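Worksheet for the structure shown next.
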Amino acid sequence: MTPTIDLTTSGFWFIFLLALAVLTPITHGALRRWVWAGVNLLFINWLLGGDASSMMAILSAVVAAHLALQLLRCRGWRALVAALGLACALGLFVMHKLPGLSQQFGTGVVNPLLLAVGFSYVFLRLIDAGRVIYEGGRPPPDLPSTVNYLLPFHMLAAGPIQSYEQFVDQPAVPAPLSPRDVMGGVERIALGLFKKFVVAYAIREVFLTGFHAPGSYVLFETQMNYLWIYLDFSAYSDIAVGIGRLMGAATPENFDRPYLARNLIDFWDRWHISLSQWIRRNLFIPIQLSLARKTRGKRAMLIATFAFTVSFLLCGLWHGISWPFFAWGAMHALGLVVTNTYRELLTRRLGRKGVKAYKQKWGYKLTAQFITFQYVAFSLLVISYPWKELWA
Amino acid sequence: MTDHTDRPTSNGFNTRVFGWWACRLVYVAAMLILAYWLSRTGDAFFYQGF
């Protein structure tokens, strides 16, 4: 059996209540970190069905990651450690994404563990922490903090992807919960569960056919598919944010009404925000800065185009190493490049004040929202369409 | 401008605040009950396992 996190099981909610009961009274920072780490490891142990050898493998990997993050501070070693660490993490990531290939290489035994911990997200957290520590932005974590940053049980299945800076900067002991905080957290969890198991479920049951319906229904189903993915994904984020709020564990927001976005740059400020900020911190800005230094600040538009393209092709491949996800990434890269170029041309022609006035027009707002909505909906069609059945 | 909505009555009871919290509790409970009822379908999350 492949272990996956299932919110419909009582085990998940039992561990959440246990975490709440043991963490809330603790007012000592170090003790809280260790207890929080214990809860996260207990959750993984439950996911793995209490299998001791699997748990030992997870613990060994955490200790290895912890030591690698410590070594990133050592001047003589850090370049080598960074290169080796990145190679190992990338290797595990490819094994996770291509289980068939992993089986061929005889490493298939690792795949259930990678799936259990949601390795796609662990991979991004590891890269973020590694970059920040390498650049000297924050100190490396102690052992319990390594567990708590890489394997937070409420963010394992589908994020959000917390930045290492936010994780380090949160208070060691959160402020005591007020009745208003408790109600806000419970309300957020309830809203997430309602969105997922009532609204998204109803949309899927009533409107979605897996793109098997004949004729022009595909156009309508494309719209419903976008709505369903949004409700389903934002529901998980609501639950994670609500749990984080109750436990005093900083959990970033992931969505901000993406259907109102007026262009793709705006869209990525509203959709899967923690991923788009990760891309900005770890891909877009480093690529842009590196090229800007080489060209001494010239050809800014060309550099931005290159940075958008590389960042979002990799973003597509992070979602899945397959042609549909590559095409999805390419569509978003193209959309971002077109938006950025159009914005630049518009500013040159109308000036900053002119652009501001132009954006206030209702006609512009509604048209831009409609076009962006359709573009995103059709990009999601690319990854949702049953291409294999078409080609079979 | 003074906000009068949180002002308690002479016996310390505030009907508006109580009403607001009661409505919120009912709405949260209704969402949880409906979600629990339908969660038995075992529907997985789209992003789960990425």
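Every chain in the structure tokens takes a letter, A first, then B, and so on in the order presented; its residues are numbered from 1, and the ligands are numbered from 1 following the presented order.
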> What residues in chain A lie within 10 Å of chain B, counting only C-alpha atoms, written as a count of residues only?
Replying inline: 52
> Among segment 229-269 of chain A, which residues carry a DSSP assignment of helix (DSSP H, G or I), reported as a PyMOL selection string?
Replying inline: chain A and resi 229-247+258-260+264-268
Based on the selection just made, write N, CA and C atoms of those residues as a compact mmCIF listing (two decimals), in the first residue's frame.
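To be explicit, this is the file written out as again.txt:
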# COMPACT_ATOMS: atom_id res chain seq x y z
N ILE A 229 -10.42 22.92 -9.68
CA ILE A 229 -9.02 22.85 -9.21
C ILE A 229 -8.78 23.96 -8.18
N TYR A 230 -9.31 25.16 -8.46
CA TYR A 230 -9.12 26.27 -7.52
C TYR A 230 -9.75 25.93 -6.16
N LEU A 231 -10.99 25.47 -6.17
CA LEU A 231 -11.69 25.17 -4.91
C LEU A 231 -10.99 24.04 -4.14
N ASP A 232 -10.59 23.02 -4.89
CA ASP A 232 -9.95 21.86 -4.28
C ASP A 232 -8.61 22.24 -3.65
N PHE A 233 -7.80 22.97 -4.41
CA PHE A 233 -6.45 23.31 -3.94
C PHE A 233 -6.50 24.37 -2.84
N SER A 234 -7.33 25.40 -3.03
CA SER A 234 -7.38 26.45 -2.01
C SER A 234 -8.01 25.90 -0.73
N ALA A 235 -8.85 24.85 -0.86
CA ALA A 235 -9.45 24.23 0.33
C ALA A 235 -8.36 23.63 1.20
N TYR A 236 -7.41 22.91 0.58
CA TYR A 236 -6.32 22.32 1.36
C TYR A 236 -5.51 23.42 2.05
N SER A 237 -5.26 24.53 1.32
CA SER A 237 -4.49 25.63 1.90
C SER A 237 -5.25 26.24 3.07
N ASP A 238 -6.58 26.37 2.95
CA ASP A 238 -7.39 26.90 4.06
C ASP A 238 -7.23 26.02 5.30
N ILE A 239 -7.28 24.71 5.09
CA ILE A 239 -7.15 23.78 6.23
C ILE A 239 -5.76 23.94 6.87
N ALA A 240 -4.72 24.00 6.03
CA ALA A 240 -3.35 24.14 6.54
C ALA A 240 -3.18 25.46 7.30
N VAL A 241 -3.71 26.56 6.74
CA VAL A 241 -3.60 27.87 7.40
C VAL A 241 -4.36 27.86 8.73
N GLY A 242 -5.54 27.25 8.73
CA GLY A 242 -6.34 27.17 9.96
C GLY A 242 -5.63 26.37 11.04
N ILE A 243 -5.07 25.21 10.66
CA ILE A 243 -4.34 24.37 11.62
C ILE A 243 -3.12 25.14 12.14
N GLY A 244 -2.39 25.77 11.22
CA GLY A 244 -1.20 26.54 11.61
C GLY A 244 -1.56 27.65 12.59
N ARG A 245 -2.68 28.32 12.34
CA ARG A 245 -3.10 29.43 13.21
C ARG A 245 -3.40 28.92 14.63
N LEU A 246 -4.07 27.76 14.71
CA LEU A 246 -4.41 27.21 16.03
C LEU A 246 -3.17 26.72 16.79
N MET A 247 -2.19 26.20 16.01
CA MET A 247 -1.00 25.65 16.67
C MET A 247 0.09 26.69 16.86
N PRO A 258 -7.78 34.40 -7.26
CA PRO A 258 -7.06 34.40 -8.55
C PRO A 258 -7.95 34.66 -9.76
N TYR A 259 -9.25 34.35 -9.65
CA TYR A 259 -10.17 34.56 -10.78
C TYR A 259 -10.34 36.05 -11.10
N LEU A 260 -9.87 36.95 -10.20
CA LEU A 260 -9.96 38.39 -10.47
C LEU A 260 -8.70 38.93 -11.15
N LEU A 264 -1.26 37.67 -16.35
CA LEU A 264 -0.63 36.50 -15.74
C LEU A 264 0.32 36.86 -14.61
N ILE A 265 0.92 38.06 -14.67
CA ILE A 265 1.79 38.48 -13.55
C ILE A 265 0.92 38.64 -12.30
N ASP A 266 -0.23 39.28 -12.47
CA ASP A 266 -1.20 39.45 -11.39
C ASP A 266 -1.70 38.07 -10.92
N PHE A 267 -1.94 37.18 -11.87
CA PHE A 267 -2.42 35.84 -11.54
C PHE A 267 -1.45 35.13 -10.59
N TRP A 268 -0.14 35.20 -10.90
CA TRP A 268 0.82 34.49 -10.07
C TRP A 268 1.07 35.18 -8.73
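Between atom CA of Gly108 of chain A and atom CA of Leu48 of chain A the separation is 15.8 Å.
Take atom CA of Thr305 of chain A and atom CA of Lys356 of chain A: the distance between them is 23.5 Å.
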>> Set the distance at 10 Å and use only C-alpha atoms: which residues neighbour Pro99 of chain A once local chain neighbours fewer than 2 positions away are removed? I'd like the list as number ranges by chain.
In response: A: 94-97, 101-105, 107-112
Please produce an output containing N, CA and C atoms for each residue in the selection, written as a compact mmCIF listing (two decimals), in the first residue's frame.
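What landed in result_3.txt:
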# COMPACT_ATOMS: atom_id res chain seq x y z
N VAL A 94 13.80 13.38 -9.05
CA VAL A 94 13.53 12.67 -10.32
C VAL A 94 12.97 11.27 -10.03
N MET A 95 13.54 10.62 -9.00
CA MET A 95 13.03 9.29 -8.62
C MET A 95 11.56 9.38 -8.19
N HIS A 96 11.25 10.47 -7.46
CA HIS A 96 9.87 10.66 -6.98
C HIS A 96 8.91 10.91 -8.14
N LYS A 97 9.37 11.70 -9.10
CA LYS A 97 8.48 12.07 -10.22
C LYS A 97 8.38 10.97 -11.27
N LEU A 101 11.11 4.83 -13.77
CA LEU A 101 12.57 4.91 -13.95
C LEU A 101 13.27 4.44 -12.66
N SER A 102 12.69 4.86 -11.53
CA SER A 102 13.25 4.48 -10.23
C SER A 102 13.24 2.96 -10.07
N GLN A 103 12.14 2.32 -10.51
CA GLN A 103 12.05 0.85 -10.44
C GLN A 103 13.15 0.21 -11.28
N GLN A 104 13.37 0.78 -12.49
CA GLN A 104 14.38 0.22 -13.40
C GLN A 104 15.78 0.27 -12.77
N PHE A 105 16.03 1.35 -12.02
CA PHE A 105 17.35 1.51 -11.39
C PHE A 105 17.44 0.77 -10.05
N THR A 107 15.74 1.37 -7.33
CA THR A 107 15.58 2.23 -6.14
C THR A 107 14.10 2.44 -5.82
N GLY A 108 13.26 1.60 -6.39
CA GLY A 108 11.81 1.76 -6.22
C GLY A 108 11.35 1.69 -4.77
N VAL A 109 12.17 1.05 -3.92
CA VAL A 109 11.80 0.90 -2.51
C VAL A 109 11.70 2.26 -1.81
N VAL A 110 12.39 3.28 -2.37
CA VAL A 110 12.39 4.62 -1.76
C VAL A 110 11.11 5.38 -2.10
N ASN A 111 10.48 5.04 -3.22
CA ASN A 111 9.35 5.84 -3.71
C ASN A 111 8.17 5.99 -2.74
N PRO A 112 7.75 4.90 -2.04
CA PRO A 112 6.65 5.11 -1.07
C PRO A 112 7.02 6.11 0.02
> Mind pulling up the distance from atom CA of Val147 of chain A to atom CA of Val81 of chain A?
Replying inline: 19.6 Å
